[in-house]
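input00.cif, holding mmCIF, C-alpha atoms:
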data_input
#
loop_
_atom_site.label_atom_id
_atom_site.label_comp_id
_atom_site.auth_asym_id
_atom_site.auth_seq_id
_atom_site.Cartn_x
_atom_site.Cartn_y
_atom_site.Cartn_z
CA MET A 1 -19.34 47.18 54.43
CA ALA A 2 -19.18 48.37 58.05
CA ASN A 3 -22.33 46.41 58.90
CA CYS A 4 -20.92 43.28 57.28
CA LEU A 5 -17.74 43.68 59.30
CA ARG A 6 -19.70 44.04 62.55
CA TRP A 7 -21.72 40.91 61.77
CA LEU A 8 -18.53 39.00 60.95
CA ILE A 9 -16.96 40.00 64.26
CA LEU A 10 -20.13 39.02 66.13
CA PHE A 11 -20.23 35.68 64.31
CA LEU A 12 -16.63 34.94 65.19
CA PHE A 13 -17.21 35.95 68.82
CA LEU A 14 -20.25 33.73 69.16
CA GLY A 15 -18.39 30.94 67.43
CA ASN A 16 -15.66 31.19 70.04
CA VAL A 17 -18.22 31.13 72.85
CA VAL A 18 -19.83 27.99 71.46
CA PHE A 19 -16.43 26.43 70.99
CA ALA A 20 -15.49 27.24 74.58
CA ASP A 21 -18.73 25.68 75.86
CA GLU A 22 -18.08 22.54 73.85
CA ASN A 23 -14.52 22.24 75.13
CA LYS A 24 -15.47 19.79 77.89
CA VAL A 25 -13.19 17.60 79.95
CA ARG A 26 -13.81 13.85 79.91
CA CYS A 27 -11.59 12.23 82.49
CA VAL A 28 -11.41 8.44 82.77
CA VAL A 29 -10.01 7.55 86.20
CA HIS A 30 -8.56 4.07 86.54
CA GLY A 31 -7.33 2.97 89.94
CA LYS A 32 -5.36 0.02 91.26
CA LEU A 33 -5.00 -0.81 94.96
CA VAL A 34 -1.95 -2.85 95.93
CA GLY A 35 -1.92 -4.95 99.08
CA MET A 36 -5.22 -3.80 100.57
CA GLU A 37 -8.79 -4.98 100.81
CA VAL A 38 -11.29 -2.24 100.02
CA GLU A 39 -14.87 -2.60 98.81
CA ASP A 40 -15.35 0.92 97.50
CA VAL A 41 -13.72 4.31 97.03
CA LEU A 42 -15.22 7.76 97.60
CA LEU A 43 -14.64 10.21 94.75
CA VAL A 44 -15.00 13.83 95.94
CA ASP A 45 -14.69 17.29 94.43
CA ALA A 46 -11.70 18.72 96.31
CA THR A 47 -13.60 21.91 97.18
CA LEU A 48 -16.31 19.98 99.09
CA ASP A 49 -16.46 18.45 102.55
CA SER A 50 -15.77 14.74 102.07
CA ARG A 51 -17.74 13.88 105.22
CA TYR A 52 -20.97 14.64 103.41
CA HIS A 53 -20.24 14.72 99.69
CA GLY A 54 -18.89 12.40 97.06
CA THR A 55 -19.70 9.49 94.78
CA THR A 56 -19.05 5.90 95.79
CA VAL A 57 -17.13 3.82 93.22
CA THR A 58 -17.09 0.03 93.57
CA VAL A 59 -13.75 -1.80 93.74
CA LYS A 60 -13.48 -5.15 91.92
CA ASN A 61 -10.36 -7.29 91.97
CA HIS A 62 -8.44 -4.41 93.56
CA CYS A 63 -9.33 -2.08 90.65
CA PHE A 64 -11.90 0.62 90.02
CA GLU A 65 -12.83 2.96 87.19
CA CYS A 66 -15.07 6.00 86.81
CA VAL A 67 -15.66 8.78 84.30
CA LEU A 68 -15.90 12.49 85.08
CA GLU A 69 -17.32 14.96 82.57
CA LEU A 70 -16.53 18.55 83.53
CA PRO A 71 -16.43 22.01 81.92
CA HIS A 72 -12.77 22.44 82.95
CA ALA A 73 -10.01 20.47 84.64
CA GLU A 74 -10.69 20.47 88.39
CA GLY A 75 -9.17 19.17 91.60
CA TYR A 76 -10.54 15.92 93.02
CA LYS A 77 -9.60 13.44 95.72
CA LEU A 78 -10.08 9.74 96.35
CA ILE A 79 -10.85 8.63 99.89
CA PHE A 80 -11.01 5.06 101.10
CA VAL A 81 -10.60 3.09 104.31
CA THR A 82 -9.15 -0.36 104.88
CA ARG A 83 -10.74 -2.39 107.67
CA LYS A 84 -7.93 -4.70 108.78
CA PRO A 85 -5.92 -2.79 109.80
CA TRP A 86 -8.02 0.36 109.90
CA GLU A 87 -6.30 2.96 107.71
CA TRP A 88 -7.56 6.18 106.09
CA TYR A 89 -6.24 7.06 102.64
CA THR A 90 -6.61 10.33 100.71
CA VAL A 91 -5.25 10.68 97.18
CA PRO A 92 -5.49 14.11 95.50
CA PHE A 93 -5.37 14.48 91.72
CA ILE A 94 -6.49 16.70 88.85
CA ALA A 95 -9.45 15.48 86.80
CA GLU A 96 -8.31 16.48 83.33
CA ASP A 97 -9.09 15.41 79.80
CA GLY A 98 -7.97 11.88 78.95
CA LYS A 99 -7.04 8.94 81.15
CA VAL A 100 -5.62 9.21 84.66
CA ASP A 101 -4.04 6.11 86.22
CA ILE A 102 -3.77 6.01 90.00
CA THR A 103 -1.91 3.29 91.90
CA VAL A 104 -2.09 3.21 95.69
CA ASN A 105 0.05 0.97 97.88
CA VAL A 106 -0.79 -0.30 101.34
CA ASP A 107 2.03 1.86 102.78
CA LYS A 108 0.03 4.95 101.63
CA ASN A 109 2.42 5.77 98.81
CA TYR A 110 0.63 6.50 95.57
CA MET A 111 1.38 7.33 91.96
CA VAL A 112 -0.74 9.44 89.62
CA LYS A 113 -0.04 9.31 85.87
CA GLY A 114 -1.80 10.90 82.94
CA GLY A 115 -2.20 14.44 81.71
CA LYS A 116 -0.07 17.55 81.82
CA PHE A 117 -1.63 18.91 85.00
CA ASN A 118 -1.19 15.85 87.19
CA GLU A 119 2.52 15.65 86.52
CA ARG A 120 2.94 19.29 87.52
CA TYR A 121 0.55 18.90 90.48
CA GLN A 122 2.54 16.04 91.97
CA GLU A 123 5.76 18.02 91.46
CA TYR A 124 4.14 21.02 93.13
CA ARG A 125 3.06 19.04 96.17
CA GLU A 126 6.54 17.58 96.64
CA LEU A 127 8.29 20.95 96.30
CA GLN A 128 5.74 22.74 98.48
CA GLN A 129 6.51 20.44 101.40
CA GLN A 130 10.12 21.64 101.31
CA GLU A 131 9.04 25.21 101.99
CA ILE A 132 8.80 26.45 105.58
CA GLY A 133 6.03 28.35 107.33
CA TRP A 134 4.12 30.94 105.35
CA LYS A 135 6.32 30.38 102.28
CA ARG A 136 4.72 26.96 101.90
CA TYR A 137 1.43 28.61 100.95
CA SER A 138 2.79 31.46 98.83
CA PHE A 139 5.03 29.06 96.90
CA MET A 140 2.25 28.34 94.39
CA HIS A 141 2.59 31.81 92.82
CA LYS A 142 6.26 31.17 92.12
CA PHE A 143 5.57 27.65 90.88
CA CYS A 144 2.76 28.73 88.53
CA GLU A 145 4.38 31.97 87.33
CA GLY A 146 3.37 32.67 83.74
CA GLN A 147 1.00 29.68 83.56
CA TRP A 148 -2.53 31.01 84.07
CA ASP A 149 -4.20 27.65 83.70
CA GLU A 150 -6.67 25.32 85.43
CA LEU A 151 -4.05 23.96 87.82
CA TYR A 152 -3.18 27.44 89.07
CA TYR A 153 -6.90 28.18 89.44
CA PHE A 154 -7.47 25.09 91.57
CA LEU A 155 -4.49 25.93 93.80
CA VAL A 156 -5.77 29.49 94.29
CA ILE A 157 -9.25 28.27 95.28
CA GLU A 158 -7.72 25.63 97.55
CA GLU A 159 -5.67 28.32 99.29
CA LEU A 160 -8.68 30.64 99.66
CA GLN A 161 -10.60 27.82 101.30
CA ARG A 162 -7.68 27.02 103.60
CA ARG A 163 -7.45 30.61 104.76
CA GLN A 164 -11.18 30.75 105.34
CA MET A 165 -11.06 27.59 107.45
CA TYR A 166 -8.22 28.89 109.61
CA GLN A 167 -9.41 32.53 109.55
CA SER A 168 -6.13 33.66 108.00
CA GLU A 169 -5.53 36.99 106.31
CA LEU A 170 -6.17 37.57 102.61
CA ASP A 171 -3.26 39.08 100.65
CA GLU A 172 -3.17 41.09 97.43
CA GLU A 173 -1.20 38.52 95.43
CA LEU A 174 -3.75 35.78 96.07
CA GLU A 175 -6.71 38.04 95.31
CA HIS A 176 -5.04 39.32 92.13
CA ALA A 177 -4.43 35.76 90.94
CA TYR A 178 -8.11 34.93 91.44
CA HIS A 179 -9.29 37.96 89.42
CA VAL A 180 -6.97 37.19 86.51
CA LEU A 181 -8.05 33.55 86.39
CA ALA A 182 -11.74 34.40 86.86
CA GLU A 183 -11.61 36.64 83.80
CA LYS A 184 -10.04 33.83 81.80
CA PHE A 185 -12.36 31.04 83.04
CA VAL A 186 -15.67 32.86 83.27
CA SER A 187 -17.86 29.73 83.22
CA SER A 188 -15.78 27.76 85.72
CA ASP A 189 -17.36 26.70 89.02
CA TYR A 190 -14.19 28.06 90.63
CA THR A 191 -15.14 31.55 89.46
CA ARG A 192 -18.42 31.44 91.37
CA LEU A 193 -16.87 29.82 94.41
CA GLY A 194 -13.96 32.26 94.47
CA LYS A 195 -16.33 35.25 94.40
CA ILE A 196 -18.25 33.82 97.36
CA LEU A 197 -15.01 33.34 99.27
CA LEU A 198 -13.69 36.83 98.53
CA ASP A 199 -17.02 38.45 99.41
CA GLY A 200 -16.86 36.63 102.72
CA PHE A 201 -13.34 37.87 103.46
CA HIS A 202 -14.36 41.46 102.73
CA ASN A 203 -17.86 41.60 104.23
CA VAL A 204 -18.51 38.98 106.92
CA ARG A 205 -17.01 40.79 109.89
CA PRO A 206 -18.11 43.45 112.36
CA GLY A 207 -18.86 46.55 110.32
CA GLY A 208 -19.60 44.55 107.17
CA ARG A 209 -23.00 43.48 105.86
CA TYR A 210 -24.80 40.19 106.23
CA VAL A 211 -25.15 37.96 103.17
CA ASP A 212 -28.71 37.50 101.95
CA PHE A 213 -29.96 34.11 100.74
CA GLU A 214 -33.10 32.14 100.01
CA VAL A 215 -33.63 28.63 101.39
CA PRO A 216 -36.66 26.49 102.35
CA ASP A 217 -38.34 26.27 105.72
CA LEU A 218 -39.35 22.94 107.25
CA GLU A 219 -42.40 22.75 104.99
CA GLY A 220 -40.35 23.31 101.85
CA ASN A 221 -41.47 26.92 101.28
CA LYS A 222 -38.68 29.17 99.99
CA VAL A 223 -37.92 32.04 102.37
CA ARG A 224 -35.61 35.00 101.75
CA LEU A 225 -33.68 36.04 104.85
CA SER A 226 -33.99 39.77 104.16
CA ASP A 227 -37.79 39.51 104.09
CA ILE A 228 -37.74 38.30 107.69
CA ILE A 229 -35.16 40.58 109.31
CA LYS A 230 -35.51 43.82 107.32
CA GLY A 231 -35.74 46.80 109.66
CA LYS A 232 -35.04 44.70 112.75
CA ILE A 233 -32.13 43.95 115.01
CA ALA A 234 -31.58 40.28 114.32
CA VAL A 235 -29.54 37.22 115.12
CA ILE A 236 -28.73 34.94 112.21
CA ASP A 237 -28.11 31.59 113.88
CA LEU A 238 -26.30 29.13 111.63
CA TRP A 239 -26.28 25.75 113.32
CA ALA A 240 -26.64 22.00 112.81
CA SER A 241 -28.47 19.23 114.64
CA TRP A 242 -25.15 17.43 115.16
CA CYS A 243 -23.38 20.52 116.59
CA MET A 244 -24.04 20.42 120.33
CA PRO A 245 -22.19 23.71 121.12
CA CYS A 246 -24.37 25.42 118.47
CA ARG A 247 -27.50 24.09 120.12
CA ALA A 248 -26.36 25.16 123.58
CA LYS A 249 -25.81 28.74 122.33
CA ALA A 250 -29.22 28.81 120.69
CA LYS A 251 -31.02 27.55 123.79
CA ALA A 252 -29.37 30.31 125.83
CA MET A 253 -30.95 32.86 123.47
CA ILE A 254 -34.55 31.72 124.08
CA PRO A 255 -35.24 33.98 127.13
CA ILE A 256 -33.80 36.99 125.27
CA TYR A 257 -35.95 36.26 122.23
CA GLU A 258 -39.11 35.94 124.33
CA LYS A 259 -38.42 39.29 125.97
CA TYR A 260 -37.70 41.26 122.78
CA LYS A 261 -39.52 39.45 119.96
CA ASP A 262 -42.35 42.00 119.92
CA ARG A 263 -40.05 45.01 120.20
CA GLY A 264 -38.09 44.85 116.94
CA PHE A 265 -35.84 41.84 117.55
CA GLU A 266 -35.76 38.70 115.43
CA ILE A 267 -33.87 35.41 115.34
CA VAL A 268 -33.68 33.21 112.27
CA GLY A 269 -32.14 29.77 112.49
CA VAL A 270 -30.55 28.06 109.50
CA ALA A 271 -29.58 24.42 109.97
CA ARG A 272 -26.87 22.74 107.92
CA GLU A 273 -28.19 19.24 107.33
CA PHE A 274 -27.40 16.39 104.96
CA LYS A 275 -29.65 13.95 103.08
CA ASN A 276 -32.79 14.75 105.13
CA THR A 277 -34.20 16.85 107.98
CA ASP A 278 -35.12 14.05 110.39
CA ARG A 279 -32.45 14.86 112.98
CA LEU A 280 -33.16 18.57 112.58
CA LYS A 281 -36.83 18.17 113.44
CA GLN A 282 -35.95 16.07 116.48
CA ALA A 283 -33.47 18.70 117.69
CA ILE A 284 -36.00 21.54 117.31
CA LYS A 285 -38.62 19.58 119.22
CA LEU A 286 -36.15 18.68 121.98
CA ASP A 287 -34.60 22.15 122.35
CA GLY A 288 -37.82 24.14 121.86
CA TYR A 289 -36.64 26.95 119.59
CA PRO A 290 -39.58 29.38 119.13
CA TRP A 291 -38.22 31.21 116.06
CA LEU A 292 -38.28 30.48 112.34
CA GLN A 293 -36.04 27.64 111.20
CA LEU A 294 -34.70 27.32 107.65
CA VAL A 295 -32.70 24.50 106.08
CA GLU A 296 -29.42 24.45 104.17
CA LEU A 297 -29.59 20.92 102.78
CA ASP A 298 -26.43 19.32 101.38
CA ASP A 299 -24.68 22.72 101.18
CA GLY A 300 -26.91 23.61 98.23
CA CYS A 301 -26.48 27.38 98.66
CA ARG A 302 -22.98 27.26 100.19
CA ILE A 303 -24.19 29.44 103.07
CA TRP A 304 -21.41 28.23 105.36
CA THR A 305 -18.89 29.28 102.73
CA GLN A 306 -20.57 32.67 102.32
CA TYR A 307 -20.34 33.24 106.07
CA MET A 308 -16.68 32.24 106.39
CA LEU A 309 -17.48 29.12 108.41
CA GLY A 310 -15.74 26.49 106.30
CA ASN A 311 -16.59 23.06 107.71
CA ALA A 312 -17.57 24.38 111.14
CA GLY A 313 -20.83 23.40 112.76
CA GLY A 314 -22.17 26.94 112.78
CA GLY A 315 -21.86 30.59 113.76
CA VAL A 316 -23.93 33.45 115.18
CA PHE A 317 -24.20 36.90 113.57
CA LEU A 318 -25.87 39.91 115.19
CA VAL A 319 -27.00 42.56 112.68
CA ASP A 320 -28.61 45.96 113.07
CA ARG A 321 -31.73 47.37 111.39
CA ASP A 322 -29.72 48.37 108.31
CA GLY A 323 -28.08 44.97 107.87
CA LYS A 324 -24.68 45.89 109.32
CA ILE A 325 -22.97 43.13 111.27
CA LEU A 326 -22.57 44.25 114.87
CA ALA A 327 -20.91 41.14 116.25
CA VAL A 328 -19.77 37.66 115.21
CA ASN A 329 -20.42 34.84 117.70
CA PRO A 330 -21.51 37.18 120.51
CA LYS A 331 -22.34 35.72 123.91
CA PRO A 332 -25.99 35.98 125.02
CA GLU A 333 -25.09 38.72 127.51
CA GLU A 334 -23.52 40.77 124.71
CA VAL A 335 -26.70 40.46 122.63
CA LEU A 336 -28.80 41.41 125.65
CA LYS A 337 -26.68 44.50 126.34
CA ILE A 338 -27.07 45.75 122.76
CA LEU A 339 -30.82 45.12 122.83
CA GLU A 340 -31.15 47.03 126.10
CA GLN A 341 -29.32 49.96 124.51
CA GLU A 342 -31.35 49.91 121.30
CA LEU A 343 -34.79 48.72 122.46
CA GLY A 344 -34.83 49.48 126.18
CA GLU A 345 -34.76 47.23 129.20
#
File written out as structure tokens:
Amino acid sequence: MANCLRWLILFLFLGNVVFADENKVRCVVHGKLVGMEVEDVLLVDATLDSRYHGTTVTVKNHCFECVLELPHAEGYKLIFVTRKPWEWYTVPFIAEDGKVDITVNVDKNYMVKGGKFNERYQEYRELQQQEIGWKRYSFMHKFCEGQWDELYYFLVIEELQRRQMYQSELDEELEHAYHVLAEKFVSSDYTRLGKILLDGFHNVRPGGRYVDFEVPDLEGNKVRLSDIIKGKIAVIDLWASWCMPCRAKAKAMIPIYEKYKDRGFEIVGVAREFKNTDRLKQAIKLDGYPWLQLVELDDGCRIWTQYMLGNAGGGVFLVDRDGKILAVNPKPEEVLKILEQELGE
């Protein structure tokens, strides 16, 4: 009897898991543009950088339609530009199960209808604007009190990303909200992203530990960072071919690298590139970096998120032999001073 009961409980548990996996969101987005001439609209996951991510949706007769199939309701945004006059439009909404109708006027006013989350989301955005200062960003906890749902989860992730971008402090209420929602929505992409963000807040700072990752080199061979810098004092140089300040910092490190490369010092470059590595290869050839270069293509590993860089071009992290972060964005003379202390002049 006891065995039968255990099997019944297991069956019910697995049945719930399957049911949860099958509980997908199919969101049909229908848009209408009033008084504007636009050829296409960019549909972007709200957690991603719209400069480099998104799906283009064609506009016909001032209307467009697309379908999103997701594991849970998630935040999205529509971005489009009119040519005459030149205007930039951004329309945020929640991609939830069912149909979502979006009407955008040439004066930048818009209306989103459809679904229980969008109605609350629009109300939230209007009320939030009435708050002042810091209260504007803590208002979401009051607004979502008692409703541990997908909308609250999106707002929490959005706020974590905002604080990362502006290097703001993390507070207990926000972190607690994430943990409660992560336990409820285990399979959500927000759960994985939130963990990356929180790990960054807690670890990526002087005294913390560097984040390990595995990405390809220029030949496409996967390389794990820890395999290269283990037991060495190292600079992890996160940069991009289009970030000229990043490149200037890296070029200033070349004489230091040449002096200490055979004495226990290493530099590893990781370039944040999009679509291809053509510009990256040109930059390396032009600047003459002599150290290993790896590629973070299309934010595939979210390395910039892991290192608290948001949408920045890059950042420099000096770590010791044990992987402890000694300095964030140190100047070349600071790196040289530490190397002189640790490895001799």
Do you know which residues are at most 8 Å from Arg209 of chain A counting all atoms listed in the file, after dropping those on the same chain fewer than 3 positions away, and could you put them as JSON, numbers by chain? {"A": [203, 204, 205, 319, 323, 324, 325]}
Separation of atom CA of Val316 of chain A from atom CA of Leu225 of chain A in Å: 14.4 Å
Contacts between segment 161-181 of chain A and segment 226-345 of chain A, please, where a residue of segment 226-345 of chain A counts if it comes within 9 Å (with only C-alpha atoms); show its shortest atom pair and distance in Å to one decimal, rows by chain and ascending number, as JSON lines.
{"residue": "A:Thr305", "atom": "CA", "partner": "A:Gln164", "partner_atom": "CA", "distance": 8.3}
{"residue": "A:Met308", "atom": "CA", "partner": "A:Gln164", "partner_atom": "CA", "distance": 5.8}
{"residue": "A:Leu309", "atom": "CA", "partner": "A:Met165", "partner_atom": "CA", "distance": 6.7}
{"residue": "A:Gly310", "atom": "CA", "partner": "A:Met165", "partner_atom": "CA", "distance": 4.9}
{"residue": "A:Asn311", "atom": "CA", "partner": "A:Met165", "partner_atom": "CA", "distance": 7.2}
{"residue": "A:Ala312", "atom": "CA", "partner": "A:Met165", "partner_atom": "CA", "distance": 8.1}
From the set A:Gly31, A:Gly314, A:Gly114, A:Pro92, which residue has the shortest atom-to-atom contact distance to Lys249 of chain A, counting all atoms listed in the file?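 Under the stated criterion, the closest residue is A:Gly314.
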Glu65 of chain A environment, 12 Å, only C-alpha atoms, sequence neighbours closer than 3 positions dropped, as a PDB file with C-alpha atoms, keeping the file's coordinate frame:
ATOM      1  CA  CYS A  27     -11.590  12.230  82.490  1.00  0.00           C
ATOM      2  CA  VAL A  28     -11.410   8.440  82.770  1.00  0.00           C
ATOM      3  CA  VAL A  29     -10.010   7.550  86.200  1.00  0.00           C
ATOM      4  CA  HIS A  30      -8.560   4.070  86.540  1.00  0.00           C
ATOM      5  CA  GLY A  31      -7.330   2.970  89.940  1.00  0.00           C
ATOM      6  CA  LYS A  32      -5.360   0.020  91.260  1.00  0.00           C
ATOM      7  CA  LEU A  33      -5.000  -0.810  94.960  1.00  0.00           C
ATOM      8  CA  ASP A  40     -15.350   0.920  97.500  1.00  0.00           C
ATOM      9  CA  VAL A  41     -13.720   4.310  97.030  1.00  0.00           C
ATOM     10  CA  LEU A  42     -15.220   7.760  97.600  1.00  0.00           C
ATOM     11  CA  LEU A  43     -14.640  10.210  94.750  1.00  0.00           C
ATOM     12  CA  THR A  56     -19.050   5.900  95.790  1.00  0.00           C
ATOM     13  CA  VAL A  57     -17.130   3.820  93.220  1.00  0.00           C
ATOM     14  CA  THR A  58     -17.090   0.030  93.570  1.00  0.00           C
ATOM     15  CA  VAL A  59     -13.750  -1.800  93.740  1.00  0.00           C
ATOM     16  CA  LYS A  60     -13.480  -5.150  91.920  1.00  0.00           C
ATOM     17  CA  ASN A  61     -10.360  -7.290  91.970  1.00  0.00           C
ATOM     18  CA  HIS A  62      -8.440  -4.410  93.560  1.00  0.00           C
ATOM     19  CA  LEU A  68     -15.900  12.490  85.080  1.00  0.00           C
ATOM     20  CA  LEU A  78     -10.080   9.740  96.350  1.00  0.00           C
ATOM     21  CA  LYS A  99      -7.040   8.940  81.150  1.00  0.00           C
ATOM     22  CA  VAL A 100      -5.620   9.210  84.660  1.00  0.00           C
ATOM     23  CA  ASP A 101      -4.040   6.110  86.220  1.00  0.00           C
ATOM     24  CA  ILE A 102      -3.770   6.010  90.000  1.00  0.00           C
ATOM     25  CA  THR A 103      -1.910   3.290  91.900  1.00  0.00           C
TER      26      THR A 103
END
Quick one: distance from atom CA of Ser188 of chain A to atom CA of Phe117 of chain A in Å, one decimal?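 Calculated distance between atom CA of Ser188 of chain A and atom CA of Phe117 of chain A is 16.7 Å.
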Could you check the closest approach to Ala240 of chain A for each of A:Ala283, A:Leu336, A:Met140, A:Leu343 and tell me which residue wins, using all atoms listed in the file? A:Ala283
What is the distance between atom CA of Pro332 of chain A and atom CA of Val295 of chain A, in Å to one decimal? 23.1 Å
Residues selected by the PyMOL selection byres ((chain A and resi 52) around 10), written as a PyMOL selection string: chain A and resi 44+48-51+53-54+273-275+298-299
Could you please take those selected residues and save C-alpha atoms as a PDB file, keeping the file's coordinate frame?
ATOM      1  CA  VAL A  44     -15.000  13.830  95.940  1.00  0.00           C
ATOM      2  CA  LEU A  48     -16.310  19.980  99.090  1.00  0.00           C
ATOM      3  CA  ASP A  49     -16.460  18.450 102.550  1.00  0.00           C
ATOM      4  CA  SER A  50     -15.770  14.740 102.070  1.00  0.00           C
ATOM      5  CA  ARG A  51     -17.740  13.880 105.220  1.00  0.00           C
ATOM      6  CA  HIS A  53     -20.240  14.720  99.690  1.00  0.00           C
ATOM      7  CA  GLY A  54     -18.890  12.400  97.060  1.00  0.00           C
ATOM      8  CA  GLU A 273     -28.190  19.240 107.330  1.00  0.00           C
ATOM      9  CA  PHE A 274     -27.400  16.390 104.960  1.00  0.00           C
ATOM     10  CA  LYS A 275     -29.650  13.950 103.080  1.00  0.00           C
ATOM     11  CA  ASP A 298     -26.430  19.320 101.380  1.00  0.00           C
ATOM     12  CA  ASP A 299     -24.680  22.720 101.180  1.00  0.00           C
TER      13      ASP A 299
END
Residue contacts of Gln147 of chain A (12 Å, all atoms listed in the file) excluding same-chain residues fewer than 2 positions away, as an mmCIF file with C-alpha atoms, in the coordinates of the input:
data_model
loop_
_atom_site.group_PDB
_atom_site.id
_atom_site.type_symbol
_atom_site.label_atom_id
_atom_site.label_comp_id
_atom_site.auth_asym_id
_atom_site.auth_seq_id
_atom_site.Cartn_x
_atom_site.Cartn_y
_atom_site.Cartn_z
ATOM 1 C CA PHE A 117 -1.630 18.910 85.000
ATOM 2 C CA ARG A 120 2.940 19.290 87.520
ATOM 3 C CA MET A 140 2.250 28.340 94.390
ATOM 4 C CA HIS A 141 2.590 31.810 92.820
ATOM 5 C CA LYS A 142 6.260 31.170 92.120
ATOM 6 C CA PHE A 143 5.570 27.650 90.880
ATOM 7 C CA CYS A 144 2.760 28.730 88.530
ATOM 8 C CA GLU A 145 4.380 31.970 87.330
ATOM 9 C CA ASP A 149 -4.200 27.650 83.700
ATOM 10 C CA GLU A 150 -6.670 25.320 85.430
ATOM 11 C CA LEU A 151 -4.050 23.960 87.820
ATOM 12 C CA TYR A 152 -3.180 27.440 89.070
ATOM 13 C CA TYR A 153 -6.900 28.180 89.440
ATOM 14 C CA ALA A 177 -4.430 35.760 90.940
ATOM 15 C CA VAL A 180 -6.970 37.190 86.510
ATOM 16 C CA LEU A 181 -8.050 33.550 86.390
ATOM 17 C CA LYS A 184 -10.040 33.830 81.800
#
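Nearest to Cys246 of chain A of all the residues A:Asn329, A:Ser226, A:Asn105, A:Gln128 is A:Asn329, counting all atoms listed in the file.
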Please list as a PyMOL selection string every residue within 10 Å of segment 259-263 of chain A, counting all atoms listed in the file and excluding residues in the same chain fewer than 2 positions away. chain A and resi 232-234+254-257+265-267+291+336+339-340+343-345
Closest atom pairs, segment 251-278 of chain A residues within 10 Å of segment 241-244 of chain A, all atoms listed in the file, as JSON lines:
{"residue": "A:Ala271", "atom": "CA", "partner": "A:Ser241", "partner_atom": "CA", "distance": 7.1}
{"residue": "A:Arg272", "atom": "CA", "partner": "A:Ser241", "partner_atom": "CA", "distance": 7.7}
{"residue": "A:Glu273", "atom": "CA", "partner": "A:Ser241", "partner_atom": "CA", "distance": 7.3}
{"residue": "A:Thr277", "atom": "CA", "partner": "A:Ser241", "partner_atom": "CA", "distance": 9.1}
{"residue": "A:Asp278", "atom": "CA", "partner": "A:Ser241", "partner_atom": "CA", "distance": 9.4}
With 3 Å added on each side, what axis-aligned box encloses every listed atom of segment 124-131 of chain A? Give the centre and edge lengths in Å to one decimal, as lines of an AutoDock Vina configuration file.
center_x = 6.6
center_y = 21.4
center_z = 97.6
size_x = 13.1
size_y = 13.6
size_z = 14.9
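Between Leu292 of chain A and the residues A:Val38, A:Leu326, A:Val335, A:Ile228, the shortest atom-to-atom distance, using all atoms listed in the file, involves A:Ile228.
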